[in-house]
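Participant: This one is data-v2.cif, mmCIF, C-alpha atoms.
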```cif
data_model
#
loop_
_atom_site.group_PDB
_atom_site.id
_atom_site.type_symbol
_atom_site.label_atom_id
_atom_site.label_comp_id
_atom_site.auth_asym_id
_atom_site.auth_seq_id
_atom_site.Cartn_x
_atom_site.Cartn_y
_atom_site.Cartn_z
ATOM 1 C CA MET A 1 27.651 10.604 -36.484
ATOM 2 C CA LEU A 2 28.525 7.864 -33.989
ATOM 3 C CA GLN A 3 27.572 10.163 -31.099
ATOM 4 C CA LEU A 4 24.212 10.955 -32.729
ATOM 5 C CA THR A 5 23.563 7.248 -33.244
ATOM 6 C CA ARG A 6 24.242 6.569 -29.579
ATOM 7 C CA ILE A 7 21.872 9.355 -28.555
ATOM 8 C CA ALA A 8 19.181 8.020 -30.873
ATOM 9 C CA LEU A 9 19.575 4.494 -29.497
ATOM 10 C CA ALA A 10 19.413 5.788 -25.934
ATOM 11 C CA SER A 11 16.227 7.705 -26.773
ATOM 12 C CA LEU A 12 14.656 4.611 -28.313
ATOM 13 C CA THR A 13 15.572 2.587 -25.229
ATOM 14 C CA LEU A 14 13.923 5.157 -22.943
ATOM 15 C CA LEU A 15 10.793 5.174 -25.100
ATOM 16 C CA ALA A 16 10.617 1.370 -25.085
ATOM 17 C CA THR A 17 11.034 1.293 -21.316
ATOM 18 C CA ALA A 18 8.281 3.866 -20.834
ATOM 19 C CA ALA A 19 5.989 1.956 -23.171
ATOM 20 C CA SER A 20 6.519 -1.318 -21.329
ATOM 21 C CA ALA A 21 6.002 0.150 -17.863
ATOM 22 C CA GLN A 22 2.620 -0.650 -16.328
ATOM 23 C CA VAL A 23 0.374 0.707 -13.588
ATOM 24 C CA PHE A 24 -2.036 -1.777 -11.932
ATOM 25 C CA VAL A 25 -5.139 -0.588 -10.046
ATOM 26 C CA SER A 26 -7.490 -2.924 -8.167
ATOM 27 C CA SER A 27 -11.213 -2.154 -8.460
ATOM 28 C CA GLU A 28 -13.307 -3.482 -5.572
ATOM 29 C CA LYS A 29 -16.705 -3.365 -7.267
ATOM 30 C CA ASP A 30 -15.658 -4.508 -10.741
ATOM 31 C CA ASN A 31 -13.677 -7.595 -9.660
ATOM 32 C CA LYS A 32 -10.883 -6.475 -11.930
ATOM 33 C CA ILE A 33 -7.397 -5.057 -11.958
ATOM 34 C CA TYR A 34 -7.152 -2.264 -14.501
ATOM 35 C CA VAL A 35 -3.847 -1.776 -16.306
ATOM 36 C CA PHE A 36 -2.538 1.598 -17.504
ATOM 37 C CA ASP A 37 0.637 2.974 -18.955
ATOM 38 C CA THR A 38 2.574 5.356 -16.726
ATOM 39 C CA GLN A 39 0.842 8.371 -18.293
ATOM 40 C CA GLY A 40 -2.591 7.091 -17.259
ATOM 41 C CA LYS A 41 -3.769 5.597 -20.550
ATOM 42 C CA ALA A 42 -5.869 2.444 -20.027
ATOM 43 C CA THR A 43 -4.418 -0.591 -21.787
ATOM 44 C CA SER A 44 -6.196 -3.710 -20.450
ATOM 45 C CA ALA A 45 -8.122 -5.294 -17.575
ATOM 46 C CA ILE A 46 -7.548 -8.493 -15.607
ATOM 47 C CA ASP A 47 -10.470 -10.494 -14.209
ATOM 48 C CA THR A 48 -9.938 -11.429 -10.555
ATOM 49 C CA CYS A 49 -11.646 -12.983 -7.569
ATOM 50 C CA LYS A 50 -14.325 -10.957 -5.772
ATOM 51 C CA ARG A 51 -13.542 -7.527 -4.272
ATOM 52 C CA PRO A 52 -9.842 -7.204 -5.088
ATOM 53 C CA ARG A 53 -8.067 -4.863 -2.732
ATOM 54 C CA HIS A 54 -4.449 -4.917 -1.567
ATOM 55 C CA MET A 55 -1.807 -6.035 -4.081
ATOM 56 C CA MET A 56 1.888 -6.974 -4.042
ATOM 57 C CA PHE A 57 4.451 -8.237 -6.543
ATOM 58 C CA ASN A 58 6.815 -11.118 -5.954
ATOM 59 C CA ALA A 59 10.541 -10.289 -5.969
ATOM 60 C CA ASP A 60 11.038 -10.231 -9.747
ATOM 61 C CA LYS A 61 7.582 -8.746 -10.448
ATOM 62 C CA SER A 62 6.579 -11.686 -12.613
ATOM 63 C CA THR A 63 3.647 -12.486 -10.300
ATOM 64 C CA LEU A 64 1.096 -10.144 -8.770
ATOM 65 C CA TYR A 65 -0.839 -11.213 -5.657
ATOM 66 C CA VAL A 66 -4.198 -9.616 -4.869
ATOM 67 C CA CYS A 67 -6.307 -10.024 -1.735
ATOM 68 C CA CYS A 68 -10.001 -10.600 -2.536
ATOM 69 C CA GLY A 69 -12.190 -9.670 0.427
ATOM 70 C CA ASP A 70 -15.505 -11.135 -0.705
ATOM 71 C CA SER A 71 -14.280 -14.468 -2.059
ATOM 72 C CA ASN A 72 -11.797 -15.006 0.808
ATOM 73 C CA GLN A 73 -8.935 -15.694 -1.559
ATOM 74 C CA LEU A 74 -5.498 -14.492 -2.585
ATOM 75 C CA GLY A 75 -5.506 -14.182 -6.367
ATOM 76 C CA VAL A 76 -2.334 -15.137 -8.231
ATOM 77 C CA VAL A 77 -1.841 -13.129 -11.438
ATOM 78 C CA ASP A 78 0.740 -13.863 -14.130
ATOM 79 C CA VAL A 79 1.959 -10.400 -15.106
ATOM 80 C CA ALA A 80 3.210 -11.390 -18.566
ATOM 81 C CA SER A 81 -0.078 -12.902 -19.720
ATOM 82 C CA GLY A 82 -2.286 -10.566 -17.711
ATOM 83 C CA LYS A 83 -4.368 -13.438 -16.374
ATOM 84 C CA MET A 84 -5.206 -14.778 -12.926
ATOM 85 C CA THR A 85 -3.736 -18.279 -12.853
ATOM 86 C CA GLY A 86 -4.804 -19.483 -9.397
ATOM 87 C CA THR A 87 -5.975 -18.657 -5.902
ATOM 88 C CA VAL A 88 -4.986 -19.365 -2.303
ATOM 89 C CA PRO A 89 -7.927 -19.943 0.109
ATOM 90 C CA LEU A 90 -7.945 -17.460 3.017
ATOM 91 C CA GLY A 91 -10.097 -16.725 6.066
ATOM 92 C CA ASP A 92 -13.188 -14.519 6.269
ATOM 93 C CA SER A 93 -12.740 -11.000 4.876
ATOM 94 C CA PRO A 94 -8.978 -10.824 4.293
ATOM 95 C CA GLU A 95 -7.606 -7.282 4.244
ATOM 96 C CA ILE A 96 -3.891 -6.506 3.885
ATOM 97 C CA PHE A 97 -0.943 -8.872 3.513
ATOM 98 C CA ASP A 98 2.822 -9.025 3.329
ATOM 99 C CA LEU A 99 5.268 -11.616 2.041
ATOM 100 C CA SER A 100 8.155 -13.224 3.857
ATOM 101 C CA PRO A 101 11.586 -12.109 2.581
ATOM 102 C CA ASP A 102 12.021 -15.437 0.754
ATOM 103 C CA GLY A 103 8.609 -15.073 -0.885
ATOM 104 C CA LYS A 104 7.382 -18.446 0.363
ATOM 105 C CA THR A 105 4.889 -17.343 3.031
ATOM 106 C CA VAL A 106 2.096 -14.783 2.976
ATOM 107 C CA TYR A 107 0.866 -13.151 6.189
ATOM 108 C CA VAL A 108 -2.707 -11.825 5.975
ATOM 109 C CA SER A 109 -4.949 -9.830 8.296
ATOM 110 C CA ILE A 110 -8.296 -11.669 8.529
ATOM 111 C CA GLU A 111 -10.757 -9.005 9.618
ATOM 112 C CA ASP A 112 -13.794 -11.084 10.598
ATOM 113 C CA GLU A 113 -11.717 -13.610 12.556
ATOM 114 C CA ASN A 114 -9.476 -11.068 14.339
ATOM 115 C CA VAL A 115 -6.277 -12.888 13.463
ATOM 116 C CA MET A 116 -3.145 -12.588 11.403
ATOM 117 C CA ALA A 117 -2.920 -15.800 9.386
ATOM 118 C CA ALA A 118 0.112 -17.334 7.664
ATOM 119 C CA TYR A 119 -0.161 -19.413 4.482
ATOM 120 C CA ASP A 120 2.340 -21.441 2.475
ATOM 121 C CA LEU A 121 2.277 -20.148 -1.108
ATOM 122 C CA ALA A 122 3.634 -23.376 -2.621
ATOM 123 C CA THR A 123 1.114 -25.740 -1.016
ATOM 124 C CA ARG A 124 -1.595 -23.031 -0.627
ATOM 125 C CA LYS A 125 -2.263 -24.368 2.857
ATOM 126 C CA PRO A 126 -2.686 -22.482 6.169
ATOM 127 C CA LEU A 127 0.289 -22.602 8.536
ATOM 128 C CA PHE A 128 -0.830 -20.825 11.722
ATOM 129 C CA THR A 129 -2.788 -17.871 13.116
ATOM 130 C CA VAL A 130 -2.038 -15.269 15.770
ATOM 131 C CA LYS A 131 -4.911 -13.632 17.646
ATOM 132 C CA THR A 132 -5.145 -9.850 17.321
ATOM 133 C CA GLY A 133 -7.387 -7.048 18.467
ATOM 134 C CA GLY A 134 -10.591 -6.240 16.614
ATOM 135 C CA GLU A 135 -10.475 -5.538 12.868
ATOM 136 C CA PRO A 136 -6.830 -6.165 12.052
ATOM 137 C CA GLU A 137 -5.677 -4.455 8.868
ATOM 138 C CA GLY A 138 -2.114 -3.348 8.174
ATOM 139 C CA VAL A 139 0.544 -6.073 8.011
ATOM 140 C CA LEU A 140 4.285 -5.530 7.663
ATOM 141 C CA VAL A 141 6.965 -8.209 7.990
ATOM 142 C CA THR A 142 10.376 -7.017 9.144
ATOM 143 C CA PRO A 143 13.205 -7.311 6.578
ATOM 144 C CA ASP A 144 14.808 -10.161 8.540
ATOM 145 C CA GLY A 145 11.530 -12.116 8.459
ATOM 146 C CA LYS A 146 11.487 -12.631 12.219
ATOM 147 C CA PHE A 147 8.685 -10.276 13.268
ATOM 148 C CA ALA A 148 5.473 -8.768 11.932
ATOM 149 C CA TYR A 149 3.551 -5.619 12.754
ATOM 150 C CA VAL A 150 -0.264 -5.723 12.582
ATOM 151 C CA THR A 151 -2.688 -2.866 13.223
ATOM 152 C CA SER A 152 -5.925 -3.343 15.165
ATOM 153 C CA GLU A 153 -8.448 -0.693 14.156
ATOM 154 C CA VAL A 154 -10.636 -1.346 17.219
ATOM 155 C CA ALA A 155 -7.938 -1.676 19.897
ATOM 156 C CA ASN A 156 -5.928 1.325 18.580
ATOM 157 C CA VAL A 157 -2.692 -0.613 18.852
ATOM 158 C CA VAL A 158 0.034 -2.074 16.704
ATOM 159 C CA HIS A 159 0.770 -5.692 17.563
ATOM 160 C CA TYR A 160 4.451 -6.644 17.422
ATOM 161 C CA ILE A 161 4.452 -10.371 16.659
ATOM 162 C CA ASP A 162 7.320 -12.846 17.007
ATOM 163 C CA LEU A 163 6.864 -15.119 13.997
ATOM 164 C CA GLY A 164 9.065 -17.808 15.518
ATOM 165 C CA SER A 165 7.060 -18.193 18.717
ATOM 166 C CA ARG A 166 3.845 -17.099 16.938
ATOM 167 C CA LYS A 167 2.953 -14.727 19.759
ATOM 168 C CA VAL A 168 2.300 -11.032 20.269
ATOM 169 C CA VAL A 169 5.292 -9.793 22.250
ATOM 170 C CA LYS A 170 4.257 -6.138 22.515
ATOM 171 C CA ASN A 171 1.203 -3.970 21.947
ATOM 172 C CA ILE A 172 2.175 -0.461 20.841
ATOM 173 C CA LYS A 173 -0.448 2.172 21.635
ATOM 174 C CA VAL A 174 -0.922 4.542 18.704
ATOM 175 C CA GLY A 175 -3.754 6.832 17.521
ATOM 176 C CA LYS A 176 -7.388 6.067 16.770
ATOM 177 C CA ARG A 177 -8.099 3.464 14.099
ATOM 178 C CA PRO A 178 -4.561 2.681 12.874
ATOM 179 C CA ARG A 179 -4.486 1.455 9.300
ATOM 180 C CA ARG A 180 -1.253 1.119 7.302
ATOM 181 C CA PHE A 181 2.531 0.966 7.667
ATOM 182 C CA VAL A 182 5.682 2.141 5.932
ATOM 183 C CA LEU A 183 9.258 1.661 7.142
ATOM 184 C CA ALA A 184 11.435 4.784 6.966
ATOM 185 C CA ASP A 185 14.891 6.005 8.003
ATOM 186 C CA GLY A 186 16.553 2.817 6.828
ATOM 187 C CA GLY A 187 14.143 0.660 8.809
ATOM 188 C CA ASN A 188 14.668 2.539 12.069
ATOM 189 C CA GLU A 189 11.161 4.028 11.956
ATOM 190 C CA LEU A 190 7.741 2.510 11.440
ATOM 191 C CA TRP A 191 5.168 5.039 10.253
ATOM 192 C CA VAL A 192 1.537 4.240 11.114
ATOM 193 C CA THR A 193 -1.489 6.121 9.760
ATOM 194 C CA ASN A 194 -4.264 6.821 12.290
ATOM 195 C CA GLU A 195 -7.457 7.295 10.292
ATOM 196 C CA LEU A 196 -9.613 8.848 13.014
ATOM 197 C CA ASP A 197 -6.867 10.970 14.581
ATOM 198 C CA ALA A 198 -5.738 12.940 11.505
ATOM 199 C CA SER A 199 -2.247 11.752 12.358
ATOM 200 C CA VAL A 200 0.683 9.437 11.806
ATOM 201 C CA SER A 201 2.479 7.736 14.693
ATOM 202 C CA VAL A 202 6.215 7.181 14.217
ATOM 203 C CA VAL A 203 7.501 4.110 16.063
ATOM 204 C CA ASN A 204 11.153 3.561 16.961
ATOM 205 C CA THR A 205 11.799 0.026 15.716
ATOM 206 C CA ARG A 206 14.704 -0.461 18.103
ATOM 207 C CA ASP A 207 12.543 -0.415 21.239
ATOM 208 C CA GLN A 208 9.011 -0.417 19.717
ATOM 209 C CA SER A 209 8.042 2.896 21.321
ATOM 210 C CA VAL A 210 6.226 5.854 19.735
ATOM 211 C CA LYS A 211 8.842 8.559 19.222
ATOM 212 C CA SER A 212 6.630 11.225 17.617
ATOM 213 C CA THR A 213 3.162 11.992 16.284
ATOM 214 C CA ILE A 214 2.540 13.982 13.108
ATOM 215 C CA LYS A 215 -0.764 15.871 12.948
ATOM 216 C CA PHE A 216 -2.385 17.003 9.713
ATOM 217 C CA ALA A 217 -4.554 20.005 8.924
ATOM 218 C CA VAL A 218 -6.239 21.122 5.714
ATOM 219 C CA GLN A 219 -7.485 24.682 5.426
ATOM 220 C CA GLY A 220 -11.262 24.872 5.574
ATOM 221 C CA LEU A 221 -11.756 21.298 6.802
ATOM 222 C CA ARG A 222 -12.553 19.884 10.222
ATOM 223 C CA GLU A 223 -10.148 17.402 11.772
ATOM 224 C CA ALA A 224 -12.816 14.688 11.465
ATOM 225 C CA ASP A 225 -12.661 15.035 7.677
ATOM 226 C CA ILE A 226 -8.925 14.313 7.589
ATOM 227 C CA THR A 227 -8.599 10.520 7.500
ATOM 228 C CA PRO A 228 -5.066 9.363 6.606
ATOM 229 C CA VAL A 229 -4.715 5.785 5.384
ATOM 230 C CA GLY A 230 -2.240 5.120 2.556
ATOM 231 C CA MET A 231 1.403 6.196 2.484
ATOM 232 C CA THR A 232 4.393 5.789 0.206
ATOM 233 C CA LEU A 233 8.059 6.669 0.660
ATOM 234 C CA SER A 234 10.131 8.460 -1.976
ATOM 235 C CA PRO A 235 13.014 6.459 -3.522
ATOM 236 C CA ASP A 236 15.581 8.635 -1.762
ATOM 237 C CA GLY A 237 13.863 8.062 1.590
ATOM 238 C CA LYS A 238 13.512 11.779 2.301
ATOM 239 C CA THR A 239 9.800 12.303 1.703
ATOM 240 C CA MET A 240 6.689 10.436 2.800
ATOM 241 C CA TRP A 241 3.506 11.036 0.813
ATOM 242 C CA VAL A 242 0.334 10.527 2.857
ATOM 243 C CA GLY A 243 -3.220 10.190 1.545
ATOM 244 C CA LEU A 244 -5.659 12.182 3.668
ATOM 245 C CA GLY A 245 -8.759 10.163 2.772
ATOM 246 C CA LYS A 246 -11.987 12.153 3.023
ATOM 247 C CA ALA A 247 -10.011 15.400 2.929
ATOM 248 C CA ASN A 248 -9.446 14.668 -0.786
ATOM 249 C CA HIS A 249 -5.799 15.698 -0.551
ATOM 250 C CA VAL A 250 -2.376 14.113 -0.378
ATOM 251 C CA THR A 251 0.429 15.755 1.533
ATOM 252 C CA GLU A 252 4.179 15.375 1.624
ATOM 253 C CA VAL A 253 6.042 15.032 4.905
ATOM 254 C CA ASP A 254 9.747 15.588 5.420
ATOM 255 C CA VAL A 255 10.988 12.350 6.984
ATOM 256 C CA ALA A 256 13.839 13.955 8.917
ATOM 257 C CA SER A 257 11.907 16.859 10.482
ATOM 258 C CA LYS A 258 8.484 15.110 10.561
ATOM 259 C CA LYS A 259 6.905 18.319 9.244
ATOM 260 C CA PRO A 260 4.039 18.211 6.709
ATOM 261 C CA GLY A 261 4.673 20.308 3.618
ATOM 262 C CA ARG A 262 2.900 20.829 0.318
ATOM 263 C CA GLN A 263 -0.626 19.507 -0.241
ATOM 264 C CA VAL A 264 -2.268 18.469 -3.503
ATOM 265 C CA LEU A 265 -6.005 18.337 -4.178
ATOM 266 C CA VAL A 266 -6.878 14.991 -5.777
ATOM 267 C CA GLY A 267 -10.131 12.965 -5.951
ATOM 268 C CA LYS A 268 -12.614 11.846 -3.327
ATOM 269 C CA ARG A 269 -11.325 9.618 -0.499
ATOM 270 C CA ALA A 270 -7.656 9.480 -1.442
ATOM 271 C CA TRP A 271 -6.353 6.315 0.182
ATOM 272 C CA GLY A 272 -4.142 4.234 -2.105
ATOM 273 C CA LEU A 273 -0.779 5.745 -3.040
ATOM 274 C CA THR A 274 2.346 4.626 -4.819
ATOM 275 C CA LEU A 275 5.275 6.316 -6.535
ATOM 276 C CA HIS A 276 6.929 5.519 -9.821
ATOM 277 C CA PRO A 277 10.380 4.089 -8.995
ATOM 278 C CA ASP A 278 11.977 7.260 -10.369
ATOM 279 C CA GLY A 279 10.032 9.262 -7.769
ATOM 280 C CA LYS A 280 8.703 11.757 -10.312
ATOM 281 C CA THR A 281 5.050 10.691 -10.437
ATOM 282 C CA LEU A 282 2.710 9.880 -7.567
ATOM 283 C CA TYR A 283 -0.336 7.735 -8.353
ATOM 284 C CA VAL A 284 -3.371 8.140 -6.087
ATOM 285 C CA SER A 285 -6.506 5.978 -6.046
ATOM 286 C CA ASN A 286 -9.659 7.902 -5.164
ATOM 287 C CA GLY A 287 -12.170 5.381 -3.873
ATOM 288 C CA LEU A 288 -15.295 7.537 -3.895
ATOM 289 C CA SER A 289 -14.765 9.341 -7.208
ATOM 290 C CA ASP A 290 -13.769 6.142 -9.023
ATOM 291 C CA ASP A 291 -10.585 7.549 -10.486
ATOM 292 C CA MET A 292 -6.810 7.833 -10.210
ATOM 293 C CA THR A 293 -4.887 11.090 -9.996
ATOM 294 C CA LEU A 294 -1.342 11.450 -11.319
ATOM 295 C CA VAL A 295 0.709 13.993 -9.380
ATOM 296 C CA ASP A 296 3.983 15.578 -10.457
ATOM 297 C CA THR A 297 6.084 15.420 -7.300
ATOM 298 C CA ALA A 298 8.517 18.173 -8.316
ATOM 299 C CA SER A 299 5.790 20.807 -8.661
ATOM 300 C CA ALA A 300 3.311 19.113 -6.284
ATOM 301 C CA LYS A 301 0.564 19.545 -8.869
ATOM 302 C CA ALA A 302 -1.996 17.132 -10.280
ATOM 303 C CA ILE A 303 -1.163 16.272 -13.886
ATOM 304 C CA ARG A 304 -4.381 14.481 -14.762
ATOM 305 C CA THR A 305 -7.148 12.313 -13.357
ATOM 306 C CA VAL A 306 -8.378 9.190 -15.165
ATOM 307 C CA ALA A 307 -11.394 6.941 -14.611
ATOM 308 C CA VAL A 308 -10.637 3.622 -12.869
ATOM 309 C CA GLY A 309 -13.682 1.392 -12.582
ATOM 310 C CA ARG A 310 -15.677 1.359 -9.354
ATOM 311 C CA VAL A 311 -14.002 1.885 -5.978
ATOM 312 C CA PRO A 312 -10.295 1.702 -6.824
ATOM 313 C CA HIS A 313 -8.258 0.467 -3.883
ATOM 314 C CA SER A 314 -4.534 -0.165 -4.409
ATOM 315 C CA ILE A 315 -1.958 0.780 -7.048
ATOM 316 C CA LEU A 316 1.261 -0.911 -8.148
ATOM 317 C CA VAL A 317 3.821 0.244 -10.722
ATOM 318 C CA LYS A 318 5.942 -2.182 -12.723
ATOM 319 C CA PRO A 319 8.732 -0.218 -14.452
#
```
Starting from the coordinates I provided, produce the structure as structure tokens.

Facilitator:
Amino acid sequence: MLQLTRIALASLTLLATAASAQVFVSSEKDNKIYVFDTQGKATSAIDTCKRPRHMMFNADKSTLYVCCGDSNQLGVVDVASGKMTGTVPLGDSPEIFDLSPDGKTVYVSIEDENVMAAYDLATRKPLFTVKTGGEPEGVLVTPDGKFAYVTSEVANVVHYIDLGSRKVVKNIKVGKRPRRFVLADGGNELWVTNELDASVSVVNTRDQSVKSTIKFAVQGLREADITPVGMTLSPDGKTMWVGLGKANHVTEVDVASKKPGRQVLVGKRAWGLTLHPDGKTLYVSNGLSDDMTLVDTASAKAIRTVAVGRVPHSILVKP
């Protein structure tokens, strides 16, 4: 009887955890963040600043930050109440951002000004800018907080920026129109999506050189229709999932061998990707079909697709 009671309590705990888990999806045209449970059932919506795009949590996931491209602001959302509680003024057309390891500074790509800008989150004041190539987008701060990587879509380079000296110390030539980053292999590799090259460049973070290039192909499609942007790494670090944009597919890549594997048909313009922390479900935002696809990673099959406002951009999961 005691054993059965323990099993029942464990089951109730799992159910409660699943029920409390949340999936957040930013909708560019609706000025909202839509909230779902992990099975894709809509539960609520959060009003935001204009054209919400990239999102990040703070360390304990009590606060969600969202970059609003048309109001030039960083929205600050209280996760518990589901309300935006404030904003940080940014430059013209902010794109992607990353937080310093201590969570005190936000580094943002400012597309129309061709800079990476740093802001103090406590005072909500600008700290400094670093000039970049045209149309900066992806931003990634190194785990030690000393450097940042920034993509320039026009220059086809990744800028390696020393945050102490506030200078670009190296320009890393990658593919055409680089977009986003993910660190892999314990931080030894920086993966960079190249939207107009149907590829990912893998950078050795020890010497900031390109060590390999991964090319993608989808049967029946031209290379020009394969436009990788978003990526997400599996919890065990063995698999990278890559969104192939206009190809309407996501694909898995073995991190060790750099070989693309199974592909999954999702919605139109699959860009935003994230995994549930248990690695079992992949969530994909489809910007041109206005929906989100849930993919079972074990079988590499789409489970379901649910409507998500107009032009969904980024996805976050709070377990």

Participant: Neighbours of region 310-313 of chain A within 6 Å (only C-alpha atoms; same-chain residues fewer than 5 positions away dropped), as a list in words?

Facilitator: Ser26, Ser27, Glu28, Lys29, Arg53, Gly272, Ser285, Gly287 and Asp290 of chain A

Participant: For the provided coordinates, the residues matched by the PyMOL selection byres ((chain A and resi 24) around 6) should be stated as a PyMOL selection string.

Facilitator: chain A and resi 23+25+34-35+315-316

Participant: Could you write out as a compact mmCIF listing (two decimals) with C-alpha atoms, in the coordinates of the input the residues that the PyMOL selection byres ((chain A and resi 195) around 7) matches in the shown file?

Facilitator:
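Below you can see expr_27.txt, which holds the result:
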```txt
# COMPACT_ATOMS: atom_id res chain seq x y z
CA LYS A 176 -7.39 6.07 16.77
CA ARG A 177 -8.10 3.46 14.10
CA PRO A 178 -4.56 2.68 12.87
CA ARG A 179 -4.49 1.46 9.30
CA THR A 193 -1.49 6.12 9.76
CA ASN A 194 -4.26 6.82 12.29
CA LEU A 196 -9.61 8.85 13.01
CA ASP A 197 -6.87 10.97 14.58
CA ALA A 198 -5.74 12.94 11.50
CA THR A 227 -8.60 10.52 7.50
CA PRO A 228 -5.07 9.36 6.61
CA VAL A 229 -4.72 5.78 5.38
```

Participant: Near Val76 (chain A), counting all atoms listed in the file, which residues have an atom at most 9 Å away, once you skip same-chain residues fewer than 4 positions from it, shown as a PyMOL selection string?

Facilitator: chain A and resi 48+63-66+83-88

Participant: Report, in Å with one decimal, the straight-line distance from CA of Pro126 (chain A) to CA of Pro143 (chain A).

Facilitator: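 Straight-line distance from CA of Pro126 (chain A) to CA of Pro143 (chain A) works out to 22.0 Å.
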
Participant: For the structure provided, state which residues fall under the PyMOL selection byres ((chain A and resi 106) around 9), and present them as a list in words.

Facilitator: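 Those residues are Phe97, Asp98, Leu99, Ser100, Gly103, Lys104, Thr105, Tyr107, Val108, Ala117, Ala118, Tyr119, Asp120 and Leu121 of chain A.
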
Participant: Kindly save the residues from that selection, with C-alpha atoms included, as a JSON list (two decimals), in the frame of the given file.

Facilitator:
```
[["chain", "number", "residue", "atom", "x", "y", "z"],
["A", 97, "PHE", "CA", -0.94, -8.87, 3.51],
["A", 98, "ASP", "CA", 2.82, -9.02, 3.33],
["A", 99, "LEU", "CA", 5.27, -11.62, 2.04],
["A", 100, "SER", "CA", 8.15, -13.22, 3.86],
["A", 103, "GLY", "CA", 8.61, -15.07, -0.88],
["A", 104, "LYS", "CA", 7.38, -18.45, 0.36],
["A", 105, "THR", "CA", 4.89, -17.34, 3.03],
["A", 107, "TYR", "CA", 0.87, -13.15, 6.19],
["A", 108, "VAL", "CA", -2.71, -11.82, 5.98],
["A", 117, "ALA", "CA", -2.92, -15.80, 9.39],
["A", 118, "ALA", "CA", 0.11, -17.33, 7.66],
["A", 119, "TYR", "CA", -0.16, -19.41, 4.48],
["A", 120, "ASP", "CA", 2.34, -21.44, 2.48],
["A", 121, "LEU", "CA", 2.28, -20.15, -1.11]]
```

Participant: Here is a test: counting all atoms listed in the file, which residue of A:Ser93, A:Thr38, A:Ser314, A:Thr129 is nearest to Asp278 (chain A)?

Facilitator: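 Result for the nearest residue to Asp278 (chain A): A:Thr38.
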
Participant: Could you tell me which of A:Lys41, A:Lys301, A:Lys238, A:Arg180 comes closest to Leu282 (chain A) if we count only C-alpha atoms?

Facilitator: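 Selected residue with least distance to Leu282 (chain A): A:Lys301.
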
Participant: Could you tell me how far CA of Val200 (chain A) sits from CA of Tyr160 (chain A), in Å to one decimal place?

Facilitator: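 Going from CA of Tyr160 (chain A) over to CA of Val200 (chain A) covers 17.4 Å.
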
Participant: May I ask for the distance between CA of Gln263 (chain A) and CA of Asp296 (chain A), given in Å to one decimal place?

Facilitator: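 Those two atoms sit 11.9 Å apart.
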
Participant: Nearest to Asn114 (chain A): which of A:Glu95, A:Asp102, A:Glu135, A:Asp207 is it, counting only C-alpha atoms?

Facilitator: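 Distance minimum relative to Asn114 (chain A) lands on A:Glu135.
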
Participant: Closest to Val203 (chain A) among A:Leu221, A:Ala42, A:Ile172, A:Met231, using all atoms listed in the file?

Facilitator: A:Ile172

Participant: Taking all atoms listed in the file into account, name the residue in A:Thr239, A:Thr142, A:Lys318, A:Pro94 that is nearest to Ala59 (chain A).

Facilitator: A:Lys318

Participant: Pick from A:Leu273, A:Leu244, A:Ala80, A:Gly279: nearest to Met55 (chain A), with all atoms listed in the file counted?

Facilitator: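 Of A:Leu273, A:Leu244, A:Ala80, A:Gly279, the one nearest Met55 (chain A), counting all atoms listed in the file, is A:Leu273.
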